[in-house]
Each structure stands twice: as C-alpha cells, then as structure tokens.
file data_8.tsv (TSV, C-alpha atoms and all ligand atoms)
chain	number	residue	atom	x	y	z
A	1	MET	CA	65.56	135.89	177.59
A	2	ALA	CA	68.46	136.46	180.02
A	3	THR	CA	67.65	137.72	183.49
A	4	LEU	CA	69.59	140.18	185.57
A	5	ALA	CA	69.05	138.93	189.13
A	6	ALA	CA	69.01	141.55	191.87
A	7	SER	CA	71.53	141.44	194.70
A	8	PRO	CA	71.31	143.60	197.79
A	9	ALA	CA	75.10	143.44	198.32
A	10	VAL	CA	75.89	147.02	197.27
A	11	GLU	CA	72.96	149.39	197.24
A	12	ILE	CA	73.03	152.07	194.57
A	13	ILE	CA	71.86	155.30	196.21
A	14	ARG	CA	69.85	157.70	194.07
A	15	LYS	CA	70.89	161.37	194.25
A	16	ALA	CA	68.47	163.86	192.70
A	17	HIS	CA	69.63	166.09	189.86
A	18	PRO	CA	69.22	169.77	190.79
A	19	SER	CA	68.91	170.96	187.17
A	20	PRO	CA	68.34	168.26	184.52
A	21	ALA	CA	68.22	169.37	180.88
A	22	SER	CA	64.90	170.85	179.80
A	23	ALA	CA	62.83	168.75	177.40
A	24	GLU	CA	63.60	171.32	174.72
A	25	ALA	CA	67.38	171.17	175.25
A	26	ARG	CA	67.31	167.37	175.37
A	27	GLU	CA	65.31	167.06	172.17
A	28	ALA	CA	67.66	169.43	170.37
A	29	ALA	CA	70.68	167.46	171.60
A	30	ILE	CA	69.37	164.07	170.49
A	31	ALA	CA	67.90	165.15	167.13
A	32	ASP	CA	71.16	164.38	165.31
A	33	PRO	CA	73.54	163.08	167.97
A	34	GLY	CA	76.32	161.58	165.83
A	35	PHE	CA	78.60	159.42	167.97
A	36	GLY	CA	80.06	160.16	171.40
A	37	LYS	CA	79.29	163.87	171.61
A	38	VAL	CA	76.03	164.06	173.52
A	39	PHE	CA	75.64	162.87	177.11
A	40	THR	CA	72.64	162.28	179.34
A	41	ASP	CA	71.83	163.88	182.70
A	42	HIS	CA	73.03	161.14	185.04
A	43	MET	CA	75.88	158.76	185.79
A	44	VAL	CA	76.71	155.97	188.21
A	45	VAL	CA	79.84	156.14	190.35
A	46	ILE	CA	81.01	153.30	192.62
A	47	ASP	CA	84.22	153.36	194.64
A	48	TRP	CA	86.54	150.51	195.46
A	49	ALA	CA	89.27	150.44	198.08
A	50	GLU	CA	91.53	147.67	199.25
A	51	GLY	CA	90.15	146.16	202.43
A	52	LYS	CA	86.75	147.77	201.87
A	53	GLY	CA	85.72	146.49	198.47
A	54	TRP	CA	82.92	148.14	196.47
A	55	HIS	CA	81.14	150.93	198.33
A	56	ASN	CA	79.67	154.38	197.96
A	57	ALA	CA	77.49	153.55	194.92
A	58	VAL	CA	75.61	156.57	193.64
A	59	LEU	CA	73.30	157.13	190.69
A	60	GLY	CA	73.28	160.90	190.46
A	61	PRO	CA	73.84	163.93	188.25
A	62	ARG	CA	76.50	163.64	185.55
A	63	GLU	CA	79.25	165.98	186.72
A	64	PRO	CA	83.06	166.38	186.67
A	65	ILE	CA	85.03	163.99	188.86
A	66	ALA	CA	87.62	165.48	191.22
A	67	LEU	CA	90.92	163.62	191.12
A	68	ASP	CA	94.09	164.01	193.13
A	69	PRO	CA	96.86	165.08	190.70
A	70	ALA	CA	98.83	162.04	191.86
A	71	ALA	CA	96.01	159.60	190.97
A	72	SER	CA	97.69	156.58	189.37
A	73	VAL	CA	95.50	156.68	186.26
A	74	LEU	CA	96.97	160.07	185.31
A	75	HIS	CA	100.50	158.65	185.38
A	76	TYR	CA	100.35	154.96	184.56
A	77	ALA	CA	97.07	154.70	182.63
A	78	GLN	CA	95.49	152.06	184.85
A	79	GLU	CA	92.11	152.29	183.13
A	80	ILE	CA	89.64	149.95	181.42
A	81	PHE	CA	86.27	150.41	179.72
A	82	GLU	CA	83.40	148.73	177.93
A	83	GLY	CA	81.18	149.73	175.04
A	84	MET	CA	77.59	148.51	174.91
A	85	LYS	CA	74.21	149.80	173.78
A	86	ALA	CA	70.61	149.97	174.89
A	87	TYR	CA	68.32	149.34	171.92
A	88	ARG	CA	64.72	150.36	171.29
A	89	MET	CA	62.56	147.28	170.79
A	90	ALA	CA	59.71	147.04	168.31
A	91	ASP	CA	57.22	147.22	171.22
A	92	GLY	CA	58.70	150.50	172.49
A	93	SER	CA	60.59	148.97	175.41
A	94	MET	CA	64.40	148.98	175.66
A	95	SER	CA	66.83	146.12	175.76
A	96	LEU	CA	70.43	145.27	176.48
A	97	PHE	CA	72.29	142.85	174.23
A	98	ARG	CA	74.57	140.25	175.86
A	99	ALA	CA	75.31	142.55	178.79
A	100	ASP	CA	76.68	139.57	180.70
A	101	ARG	CA	79.44	139.31	178.09
A	102	ASN	CA	80.41	142.93	178.55
A	103	ALA	CA	80.53	142.43	182.31
A	104	ALA	CA	82.69	139.32	181.90
A	105	ARG	CA	85.04	141.06	179.45
A	106	PHE	CA	85.27	144.05	181.79
A	107	ASN	CA	86.47	141.72	184.53
A	108	ALA	CA	88.92	140.02	182.17
A	109	SER	CA	90.31	143.49	181.36
A	110	ALA	CA	90.42	144.27	185.11
A	111	ARG	CA	92.51	141.16	185.76
A	112	ARG	CA	94.97	142.08	183.00
A	113	LEU	CA	95.32	145.63	184.34
A	114	ALA	CA	95.70	144.46	187.97
A	115	MET	CA	92.39	146.04	188.97
A	116	PRO	CA	89.56	144.70	191.14
A	117	GLU	CA	86.78	142.74	189.50
A	118	ILE	CA	83.24	144.05	189.92
A	119	PRO	CA	80.40	141.58	190.56
A	120	GLU	CA	78.69	141.08	187.21
A	121	GLU	CA	75.36	141.64	188.93
A	122	LEU	CA	76.48	145.07	190.20
A	123	PHE	CA	77.86	146.01	186.76
A	124	THR	CA	74.61	145.16	185.00
A	125	ARG	CA	72.43	146.69	187.75
A	126	ALA	CA	74.34	149.98	187.47
A	127	VAL	CA	73.93	149.97	183.68
A	128	ARG	CA	70.29	149.05	183.83
A	129	GLN	CA	69.30	151.62	186.46
A	130	LEU	CA	71.08	154.39	184.57
A	131	VAL	CA	69.45	153.47	181.26
A	132	GLU	CA	66.02	153.32	182.91
A	133	LEU	CA	66.51	156.74	184.51
A	134	ASP	CA	67.72	158.44	181.32
A	135	ALA	CA	65.47	156.54	178.90
A	136	GLN	CA	64.00	159.76	177.53
A	137	TRP	CA	67.42	160.52	176.02
A	138	PHE	CA	66.96	157.72	173.48
A	139	PRO	CA	67.62	159.40	170.11
A	140	PRO	CA	64.77	159.42	167.56
A	141	VAL	CA	67.07	158.62	164.61
A	142	ALA	CA	67.31	155.59	162.33
A	143	GLY	CA	69.68	153.05	163.88
A	144	GLY	CA	69.87	155.14	167.04
A	145	SER	CA	70.78	153.76	170.45
A	146	LEU	CA	71.90	154.79	173.88
A	147	TYR	CA	75.62	154.01	173.85
A	148	ILE	CA	76.71	152.85	177.30
A	149	ARG	CA	80.23	153.48	178.51
A	150	PRO	CA	81.19	151.73	181.76
A	151	PHE	CA	84.79	152.40	182.81
A	152	MET	CA	87.12	152.10	185.78
A	153	PHE	CA	90.29	153.92	186.69
A	154	ALA	CA	92.87	154.07	189.48
A	155	THR	CA	92.28	156.97	191.87
A	156	GLU	CA	94.89	156.24	194.51
A	157	PRO	CA	97.32	159.15	194.94
A	158	PHE	CA	100.60	157.24	194.65
A	159	LEU	CA	103.51	157.56	192.25
A	160	GLY	CA	105.14	154.20	192.91
A	161	VAL	CA	104.58	151.73	190.09
A	162	ARG	CA	102.34	149.01	191.52
A	163	PRO	CA	98.64	148.15	191.28
A	164	ALA	CA	96.59	150.97	192.83
A	165	LYS	CA	94.57	150.33	195.98
A	166	GLN	CA	91.69	152.66	195.13
A	167	HIS	CA	89.55	152.77	192.00
A	168	LYS	CA	86.37	154.31	190.65
A	169	PHE	CA	83.83	152.53	188.45
A	170	VAL	CA	81.68	154.91	186.42
A	171	VAL	CA	78.91	154.49	183.86
A	172	ILE	CA	77.85	157.27	181.48
A	173	LEU	CA	75.42	157.26	178.53
A	174	SER	CA	75.69	158.83	175.12
A	175	PRO	CA	72.73	159.00	172.71
A	176	ALA	CA	74.21	157.79	169.42
A	177	GLY	CA	73.52	157.62	165.72
A	178	ASN	CA	76.00	156.23	163.21
A	179	TYR	CA	79.62	155.79	164.25
A	180	PHE	CA	80.98	156.78	160.84
A	181	LYS	CA	80.09	160.33	159.99
A	182	SER	CA	80.77	159.95	156.28
A	183	GLY	CA	77.49	158.08	155.83
A	184	ALA	CA	79.16	156.30	152.89
A	185	PRO	CA	77.81	152.83	152.02
A	186	ALA	CA	81.23	151.30	152.76
A	187	VAL	CA	84.28	152.47	154.65
A	188	SER	CA	87.84	152.73	153.52
A	189	VAL	CA	90.65	151.41	155.72
A	190	TRP	CA	94.35	152.20	155.99
A	191	VAL	CA	96.89	149.44	156.72
A	192	SER	CA	99.16	150.80	159.41
A	193	GLU	CA	102.89	150.44	159.78
A	194	PHE	CA	102.40	150.87	163.51
A	195	THR	CA	101.62	147.95	165.80
A	196	ARG	CA	98.63	147.81	168.14
A	197	ALA	CA	99.47	144.81	170.29
A	198	ALA	CA	102.14	142.18	170.73
A	199	ARG	CA	102.00	138.69	172.21
A	200	GLY	CA	101.90	138.98	176.01
A	201	GLY	CA	100.69	142.60	175.83
A	202	THR	CA	97.27	144.07	176.50
A	203	GLY	CA	95.68	143.62	173.05
A	204	ALA	CA	92.86	141.40	174.34
A	205	ALA	CA	91.97	143.85	177.13
A	206	LYS	CA	89.79	146.89	176.62
A	207	CYS	CA	92.14	149.36	178.25
A	208	GLY	CA	92.51	153.01	177.36
A	209	GLY	CA	96.23	152.56	176.69
A	210	ASN	CA	95.51	150.44	173.61
A	211	TYR	CA	93.48	153.28	172.16
A	212	ALA	CA	96.05	155.92	173.10
A	213	ALA	CA	98.60	153.93	171.12
A	214	SER	CA	96.21	153.76	168.15
A	215	LEU	CA	95.76	157.52	167.84
A	216	VAL	CA	98.83	158.31	165.73
A	217	PRO	CA	98.08	155.43	163.32
A	218	THR	CA	94.42	156.51	163.19
A	219	GLY	CA	95.52	160.08	162.50
A	220	VAL	CA	97.65	158.83	159.59
A	221	ALA	CA	94.60	156.94	158.25
A	222	PHE	CA	92.44	160.08	158.52
A	223	ASP	CA	95.15	162.25	156.91
A	224	ASN	CA	95.21	159.86	153.96
A	225	GLY	CA	91.45	160.11	153.61
A	226	HIS	CA	90.45	156.80	155.23
A	227	ASP	CA	87.95	155.94	157.96
A	228	GLN	CA	89.77	153.39	160.11
A	229	VAL	CA	93.16	151.86	160.64
A	230	VAL	CA	93.99	148.14	160.08
A	231	PHE	CA	96.59	146.63	162.37
A	232	LEU	CA	98.83	143.75	161.38
A	233	ASP	CA	100.59	141.40	163.80
A	234	ALA	CA	103.63	142.65	165.69
A	235	GLU	CA	106.03	139.81	164.84
A	236	GLU	CA	105.84	139.44	161.07
A	237	HIS	CA	103.78	142.48	160.19
A	238	LYS	CA	101.89	140.26	157.84
A	239	TRP	CA	98.78	138.83	159.50
A	240	ILE	CA	95.62	140.91	159.70
A	241	GLU	CA	94.50	141.50	163.28
A	242	GLU	CA	91.70	144.04	163.56
A	243	LEU	CA	90.77	147.68	163.10
A	244	GLY	CA	91.34	150.40	165.69
A	245	GLY	CA	87.90	149.76	167.18
A	246	MET	CA	86.35	146.82	165.31
A	247	ASN	CA	86.93	143.20	164.32
A	248	LEU	CA	87.15	142.14	160.67
A	249	PHE	CA	85.40	139.46	158.61
A	250	PHE	CA	86.11	138.32	155.04
A	251	VAL	CA	83.55	136.71	152.69
A	252	PHE	CA	84.67	134.49	149.79
A	253	ASP	CA	83.07	133.59	146.49
A	254	ASP	CA	82.33	130.04	147.71
A	255	GLY	CA	80.10	131.50	150.45
A	256	THR	CA	82.56	130.86	153.31
A	257	LEU	CA	83.64	133.40	155.90
A	258	LEU	CA	86.91	133.99	157.68
A	259	THR	CA	87.86	136.08	160.69
A	260	PRO	CA	91.24	136.28	162.43
A	261	PRO	CA	91.49	133.99	165.47
A	262	LEU	CA	91.48	135.27	169.08
A	263	SER	CA	95.23	135.07	169.36
A	264	GLY	CA	95.49	137.09	172.56
A	265	THR	CA	96.40	140.25	170.66
A	266	ILE	CA	92.94	141.23	169.42
A	267	LEU	CA	89.82	142.22	171.32
A	268	PRO	CA	87.34	139.32	171.67
A	269	GLY	CA	84.44	141.24	170.17
A	270	ILE	CA	80.94	140.39	171.30
A	271	THR	CA	79.60	141.36	167.87
A	272	ARG	CA	82.24	139.06	166.33
A	273	ASP	CA	81.12	136.19	168.54
A	274	SER	CA	77.43	136.87	167.80
A	275	LEU	CA	78.01	136.92	164.03
A	276	LEU	CA	80.02	133.70	164.22
A	277	THR	CA	77.09	132.10	166.02
A	278	LEU	CA	74.49	133.46	163.58
A	279	ALA	CA	76.50	132.47	160.50
A	280	ARG	CA	77.16	128.94	161.79
A	281	ALA	CA	73.49	128.54	162.76
A	282	GLU	CA	72.68	129.28	159.14
A	283	GLY	CA	74.99	126.52	158.01
A	284	LEU	CA	77.70	128.84	156.72
A	285	GLU	CA	81.29	127.74	157.07
A	286	VAL	CA	83.30	130.22	159.14
A	287	ARG	CA	87.00	129.76	159.69
A	288	GLU	CA	88.85	131.49	162.53
A	289	GLU	CA	92.18	131.55	160.79
A	290	ARG	CA	95.10	133.80	160.11
A	291	TYR	CA	94.83	135.79	156.88
A	292	SER	CA	97.72	137.78	155.47
A	293	ILE	CA	97.71	141.23	153.94
A	294	ASP	CA	99.23	139.80	150.72
A	295	GLN	CA	96.47	137.21	150.47
A	296	TRP	CA	93.86	139.88	151.16
A	297	GLU	CA	95.13	141.89	148.20
A	298	ALA	CA	95.49	138.85	145.92
A	299	ASP	CA	92.00	137.56	146.77
A	300	ALA	CA	90.40	140.97	146.30
A	301	LYS	CA	92.09	141.34	142.92
A	302	SER	CA	91.25	137.82	141.73
A	303	GLY	CA	87.64	138.17	142.83
A	304	ARG	CA	87.89	135.26	145.29
A	305	LEU	CA	87.20	137.74	148.09
A	306	VAL	CA	83.77	139.21	147.45
A	307	GLU	CA	83.00	141.10	150.65
A	308	CYS	CA	84.69	142.35	153.78
A	309	PHE	CA	83.14	143.97	156.84
A	310	ALA	CA	84.04	145.49	160.17
A	311	CYS	CA	81.97	144.75	163.26
A	312	GLY	CA	81.63	146.12	166.75
A	313	THR	CA	79.12	147.62	169.12
A	314	ALA	CA	79.64	151.17	167.88
A	315	ALA	CA	79.96	150.30	164.16
A	316	VAL	CA	77.47	147.36	164.18
A	317	VAL	CA	78.34	145.72	160.80
A	318	THR	CA	80.01	148.10	158.35
A	319	PRO	CA	81.15	147.09	154.85
A	320	VAL	CA	84.80	147.72	153.99
A	321	GLY	CA	85.08	148.76	150.34
A	322	ARG	CA	88.64	149.90	149.95
A	323	VAL	CA	92.00	149.02	151.49
A	324	ALA	CA	95.05	151.24	151.17
A	325	GLY	CA	98.45	151.54	152.78
A	326	LYS	CA	102.02	152.50	152.01
A	327	ASP	CA	102.36	149.81	149.34
A	328	VAL	CA	98.77	148.72	148.68
A	329	ASP	CA	95.54	150.11	147.30
A	330	PHE	CA	92.69	147.86	146.26
A	331	THR	CA	88.91	147.64	146.15
A	332	ILE	CA	86.83	144.76	147.50
A	333	GLY	CA	84.01	143.51	145.28
A	334	SER	CA	82.10	146.48	143.94
A	335	GLY	CA	83.56	148.71	146.67
A	336	GLY	CA	80.10	148.94	148.21
A	337	PRO	CA	78.02	146.84	150.61
A	338	GLY	CA	77.84	143.13	149.91
A	339	GLN	CA	74.87	140.81	150.15
A	340	LEU	CA	76.03	138.54	152.97
A	341	THR	CA	77.27	141.53	154.96
A	342	GLY	CA	73.82	143.07	154.66
A	343	SER	CA	71.95	139.92	155.59
A	344	LEU	CA	74.12	139.21	158.65
A	345	ARG	CA	73.74	142.82	159.76
A	346	ASP	CA	69.97	142.66	159.35
A	347	LYS	CA	69.76	139.41	161.35
A	348	LEU	CA	71.82	140.83	164.21
A	349	VAL	CA	69.93	144.13	164.32
A	350	ALA	CA	66.58	142.32	164.18
A	351	ILE	CA	67.49	140.32	167.30
A	352	GLN	CA	68.83	143.41	169.09
A	353	ARG	CA	65.66	145.36	168.30
A	354	GLY	CA	63.23	142.55	168.93
A	355	THR	CA	61.89	142.10	165.41
A	356	ALA	CA	63.37	138.58	165.20
A	357	GLU	CA	63.16	135.84	167.78
A	358	ASP	CA	65.98	135.79	170.33
A	359	THR	CA	66.71	132.06	170.19
A	360	HIS	CA	70.11	132.46	171.87
A	361	GLY	CA	68.89	134.26	175.01
A	362	TRP	CA	70.96	137.35	174.17
A	363	VAL	CA	68.39	140.05	174.83
A	364	THR	CA	67.32	141.45	178.21
A	365	LYS	CA	64.34	143.78	178.19
A	366	ILE	CA	64.84	146.59	180.65
A	367	ALA	CA	62.34	149.40	180.40
B	401	LIG	N1	88.12	145.55	168.50
B	401	LIG	C1	88.36	146.69	169.16
B	401	LIG	C2	89.76	147.18	169.24
B	401	LIG	C3	87.29	147.41	169.74
B	401	LIG	O1	87.51	148.56	170.37
B	401	LIG	C4	85.98	146.90	169.63
B	401	LIG	C5	84.85	147.60	170.21
B	401	LIG	O2	84.51	147.42	171.32
B	401	LIG	C6	85.80	145.68	168.95
B	401	LIG	C7	86.89	145.04	168.40
B	401	LIG	C8	84.44	145.07	168.84
B	401	LIG	O3	84.00	144.58	170.07
B	401	LIG	P1	82.46	144.47	170.41
B	401	LIG	O4	81.83	143.74	169.29
B	401	LIG	O5	82.40	143.72	171.68
B	401	LIG	O6	81.95	145.86	170.54
B	402	LIG	C1	82.70	150.02	170.71
B	402	LIG	O1	82.39	149.55	169.63
B	402	LIG	O2	81.92	150.00	171.67
B	402	LIG	C2	84.00	150.61	170.94
B	402	LIG	O3	84.37	150.71	172.06
B	402	LIG	C3	84.76	151.06	169.77
B	402	LIG	C4	85.28	152.44	169.87
B	402	LIG	C5	84.21	153.47	170.01
B	402	LIG	C6	86.33	152.56	170.94

call {"tool": "encode", "arguments": {"input": "data_8.tsv", "output": "structure tokens"}}
result
Amino acid sequence: MATLAASPAVEIIRKAHPSPASAEAREAAIADPGFGKVFTDHMVVIDWAEGKGWHNAVLGPREPIALDPAASVLHYAQEIFEGMKAYRMADGSMSLFRADRNAARFNASARRLAMPEIPEELFTRAVRQLVELDAQWFPPVAGGSLYIRPFMFATEPFLGVRPAKQHKFVVILSPAGNYFKSGAPAVSVWVSEFTRAARGGTGAAKCGGNYAASLVPTGVAFDNGHDQVVFLDAEEHKWIEELGGMNLFFVFDDGTLLTPPLSGTILPGITRDSLLTLARAEGLEVREERYSIDQWEADAKSGRLVECFACGTAAVVTPVGRVAGKDVDFTIGSGGPGQLTGSLRDKLVAIQRGTAEDTHGWVTKIA
C-alpha cells in the first residue's frame, strides 16, 4: 500500500463553512448524481507567486473565485487539470488509486504549460484532506465515486504573452455515477475529421485548451447520435490516437491486445497504464503499436477484431460497440460488451475497491 508522507512545508489552513448543505439536501443531490453536476461543500485553494512559491493554502467553503479581468487564463488559457477518484472500499473506508501518478502527470502538464510544479506531497495532501472532510458526499449508487478535480490556472493580471507569475491551484469534488448517461452496454464513437493534437503540441498534457478544441468535434459526434469522438493523427489522418477523454484498446481473436503508443500526442492515461500492467501480469500479449482506421474497419468486418474498449478515470472501462464517421460505419463483435473487456474491468475495479489484493501498491486508504 502506497503512503502519502506528511510534510509541514505548506500548512493547509482550515476555514469553517458558515452554511454547509443540510443532510437532506446532500442526500437528494447524491441520490442520482450523474457525472460532473453535483459538487461538495468544500474546496482547497493554494496560491503561487514568483519569488514566494506556494502559500496561502486554505481548505474552506466551496465558493466562486474572484479573478481580475486581465488574468492570463482568461486570455491565453494557461490552465491544467487532473481527473481522479476516491473509491469506497469493501470495508467502508475510502481509497485513492495511484494518486502519485496524477500528481506526477499534473507536474508534467505544468512544465508543458510553463507553470510552476506543485510538490507531489502537497498535491496529494490537499486531495486527501478535502476527500476526508467531504466524505459524507460519497454517492450511494452502484459504481459511484467521489470524482476529484485538481486544477491550476494563471491569475496574474497581464496581457503580454509570457508565462504568468501568479497561479492558483484548486481542488473540488464531484459525487459521480456513470460518465455515459445513455446507460447502454456499449458506446458508439464518431471518427472526427478534426485534429486533437499534433507532434510538438500539447496532446500529452492535460490542459483545458485540448478540451476546448475537442468541443466542436464532440458536438458533431453528439449531433450524429454518438457518445464520443475518435481522433486520428494530425499528419496522415490515418492512425487512431484516442477519444476526446479516454484511451482506446483493441482485442483480437487470438487473445492479444493493442493500444496506440504514447507518441507525445495522446494523454498517458493512468487507467491505460494500469490495464497494460494487469493484462501483462496475466500473460496476455499487449502491443503498443500504431493501428489505422482502415485496419480497424477491416479487422472488425473480418472478425479478427473481437472487442474494443475505452478507458479512463471517468469512464473506467467502457466497451465500444459501433464506429461511424463520414465514410465509415461498422460494428465491433456483437456490438455489445466483450468478455476480455469485462474481465479486465472487473479486475481493475476490484483493486480500486479493495475486493482484490493490491499487489502493485496502487491503493492508498484514506478515511
Ligand atoms: N485521454 C484523455 C484525452 C483524457 O481526458 C483522459 C482522462 O483523463 C484519458 C485519456 C484517460 O486518462 P486516465 O486513465 O488517467 O484518466
Ligand atoms: C477523466 O477521465 O478524469 C477525464 O478527465 C475525462 C473527461 C471527464 C475530461
């Protein structure tokens, strides 16, 4: 079990909430939370300034943040975020899953966006204290979790284009059920003509700008009746990269798996990495190799491709049943959930929720 060592470097001051939600209001809000719509009572805010470093760390009421209209984030989108979850363990306690990886990826994103890194210990302490304080917001729904959203943005009032000298790090919590509201056994994806990321760009960073650029393509996917958008590479518009908010895996009839390589243009998913580890530990062959849209279609049609799934913190492991686009429309396998997809999902969820042994040291119990 991983440990989150304490460091006295930056003390997080607790500020009392004058009017937290009543138990009745909270229970109503978390009864069927969906994804990303319900928020808990508190948040953490920590400031950073050049020459001063991290300071002014407060765990207090969740409330609007005042920003100068010239704050760099509002003009040049200097912003990064993470997505992680607190899980309910079989024994009633809560856990974080590979929080150190989220902290490390947050700092990798910070470097790419010319922002200050935050000590991993402070990142995880902020997350942990917030989750412990708002634990009663854990939703009582199947597959429920407390979705954790740490983020950082440039607050310096300055319109020149250069890295800002003042930033805010914030953590909020959102009780969550399923990411996909359709509740369908498998999702349908739309192959976009737009590009998400090019070599040398910010595709491997978790910055808001990547998601802003994905909104029109995602809107086209929704308008065509699909759940998510698939992005192809920028140069040849041929190689499958990832979905708008998830990585992709392919399962073949010989029992092997394939996922696109971390080329610098896709997000290095922590779920992706965990599934690679679990699959390889089981003796499955997993290739991190380029896979083209034409091959995807040919393999689905010939039956060589038997399953496909999307994975990410929000979506966990979600089967992909149908693929469509301007010139393509095909079904994968039966169009529903596949066997290997289900067993990998179950293994991952069992570790996250403490019903299977955590042999990789991925789980940190917190409350
Ligand atoms: N790809 C993108 C673009 C994402 O937004 C996410 C979600 O965070 C992922 C992949 C999956 O990453 P992870 O498994 O770390 O949540
Ligand atoms: C996540 O899976 O945590 C994500 O950030 C994906 C999406 C909600 C942006």

call {"tool": "atom_distance", "arguments": {"input": "data_8.tsv", "atom1": "CA of Asp273 in chain A", "atom2": "atom O4 of ligand LIG 401 (chain B)"}}
result
7.6 Å

call {"tool": "atom_distance", "arguments": {"input": "data_8.tsv", "atom1": "CA of Phe180 in chain A", "atom2": "CA of Thr277 in chain A"}}
result
25.5 Å

call {"tool": "atom_distance", "arguments": {"input": "data_8.tsv", "atom1": "atom C4 of ligand LIG 402 (chain B)", "atom2": "CA of Ala314 in chain A"}}
result
6.1 Å

call {"tool": "residues_around", "arguments": {"input": "data_8.tsv", "residues": "Asp329 in chain A", "least_positions_apart": "4", "cutoff": "10 Å", "atoms": "all atoms listed in the file", "output": "list of chain:residue names"}}
result
A:Val189, A:Trp190, A:Val191, A:Glu297, A:Arg322, A:Val323, A:Ala324, A:Gly325

call {"tool": "residues_near_ligand", "arguments": {"input": "data_8.tsv", "ligand": "ligand LIG 401 (chain B)", "cutoff": "8 Å", "atoms": "all atoms listed in the file", "output": "PDB file with C-alpha atoms, in the coordinates of the input"}}
result
ATOM      1  CA  GLU A  82      83.400 148.730 177.930  1.00  0.00           C
ATOM      2  CA  GLY A  83      81.180 149.730 175.040  1.00  0.00           C
ATOM      3  CA  MET A  84      77.590 148.510 174.910  1.00  0.00           C
ATOM      4  CA  ASN A 102      80.410 142.930 178.550  1.00  0.00           C
ATOM      5  CA  GLY A 203      95.680 143.620 173.050  1.00  0.00           C
ATOM      6  CA  LYS A 206      89.790 146.890 176.620  1.00  0.00           C
ATOM      7  CA  ASN A 210      95.510 150.440 173.610  1.00  0.00           C
ATOM      8  CA  TYR A 211      93.480 153.280 172.160  1.00  0.00           C
ATOM      9  CA  GLU A 242      91.700 144.040 163.560  1.00  0.00           C
ATOM     10  CA  LEU A 243      90.770 147.680 163.100  1.00  0.00           C
ATOM     11  CA  GLY A 244      91.340 150.400 165.690  1.00  0.00           C
ATOM     12  CA  GLY A 245      87.900 149.760 167.180  1.00  0.00           C
ATOM     13  CA  MET A 246      86.350 146.820 165.310  1.00  0.00           C
ATOM     14  CA  ASN A 247      86.930 143.200 164.320  1.00  0.00           C
ATOM     15  CA  ILE A 266      92.940 141.230 169.420  1.00  0.00           C
ATOM     16  CA  LEU A 267      89.820 142.220 171.320  1.00  0.00           C
ATOM     17  CA  PRO A 268      87.340 139.320 171.670  1.00  0.00           C
ATOM     18  CA  GLY A 269      84.440 141.240 170.170  1.00  0.00           C
ATOM     19  CA  ILE A 270      80.940 140.390 171.300  1.00  0.00           C
ATOM     20  CA  THR A 271      79.600 141.360 167.870  1.00  0.00           C
ATOM     21  CA  ARG A 272      82.240 139.060 166.330  1.00  0.00           C
ATOM     22  CA  ASP A 273      81.120 136.190 168.540  1.00  0.00           C
ATOM     23  CA  CYS A 311      81.970 144.750 163.260  1.00  0.00           C
ATOM     24  CA  GLY A 312      81.630 146.120 166.750  1.00  0.00           C
ATOM     25  CA  THR A 313      79.120 147.620 169.120  1.00  0.00           C
ATOM     26  CA  ALA A 314      79.640 151.170 167.880  1.00  0.00           C
ATOM     27  CA  VAL A 316      77.470 147.360 164.180  1.00  0.00           C
TER      28      VAL A 316
END

call {"tool": "residues_around", "arguments": {"input": "data_8.tsv", "residues": "Gln339 in chain A", "least_positions_apart": "5", "cutoff": "12 Å", "atoms": "all atoms listed in the file", "output": "NGL selection string"}}
result
:A and (251-253 or 255 or 306-309 or 319 or 333-334 or 344-346)

call {"tool": "residues_near_point", "arguments": {"input": "data_8.tsv", "point": "(71.6, 147.3, 178.9)", "cutoff": "8 Å", "atoms": "all atoms listed in the file", "output": "PyMOL selection string"}}
result
chain A and resi 84-87+95-97+99+124+127-128+131+148+364+366

call {"tool": "closest_residue", "arguments": {"input": "data_8.tsv", "among": "A:Pro150, A:Pro61, A:Pro119, A:Gly92", "to": "ligand LIG 402 (chain B)", "atoms": "all atoms listed in the file"}}
result
A:Pro150

call {"tool": "closest_residue", "arguments": {"input": "data_8.tsv", "among": "A:Ser145, A:Asp294, A:Leu59, A:Ile65", "to": "His237 in chain A", "atoms": "all atoms listed in the file"}}
result
A:Asp294

call {"tool": "residues_around", "arguments": {"input": "data_8.tsv", "residues": "range 14-25 of chain A", "least_positions_apart": "6", "cutoff": "10 Å", "atoms": "only C-alpha atoms", "output": "count of residues only"}}
result
13

call {"tool": "residues_around", "arguments": {"input": "data_8.tsv", "residues": "His167 in chain A", "least_positions_apart": "4", "cutoff": "6 Å", "atoms": "all atoms listed in the file", "output": "list in words"}}
result
Asp47, Trp48, Phe153, Ala154 and Thr155 of chain A

call {"tool": "residues_around", "arguments": {"input": "data_8.tsv", "residues": "Glu285 in chain A", "least_positions_apart": "4", "cutoff": "8 Å", "atoms": "only C-alpha atoms", "output": "mmCIF file with C-alpha atoms, in the frame of the given file"}}
result
data_model
loop_
_atom_site.group_PDB
_atom_site.id
_atom_site.type_symbol
_atom_site.label_atom_id
_atom_site.label_comp_id
_atom_site.auth_asym_id
_atom_site.auth_seq_id
_atom_site.Cartn_x
_atom_site.Cartn_y
_atom_site.Cartn_z
ATOM 1 C CA GLY A 255 80.100 131.500 150.450
ATOM 2 C CA THR A 256 82.560 130.860 153.310
ATOM 3 C CA LEU A 257 83.640 133.400 155.900
ATOM 4 C CA ALA A 279 76.500 132.470 160.500
ATOM 5 C CA ARG A 280 77.160 128.940 161.790
#

call {"tool": "closest_residue", "arguments": {"input": "data_8.tsv", "among": "A:Asn107, A:Asn56, A:Thr202, A:Ser214", "to": "ligand LIG 402 (chain B)", "atoms": "all atoms listed in the file"}}
result
A:Ser214
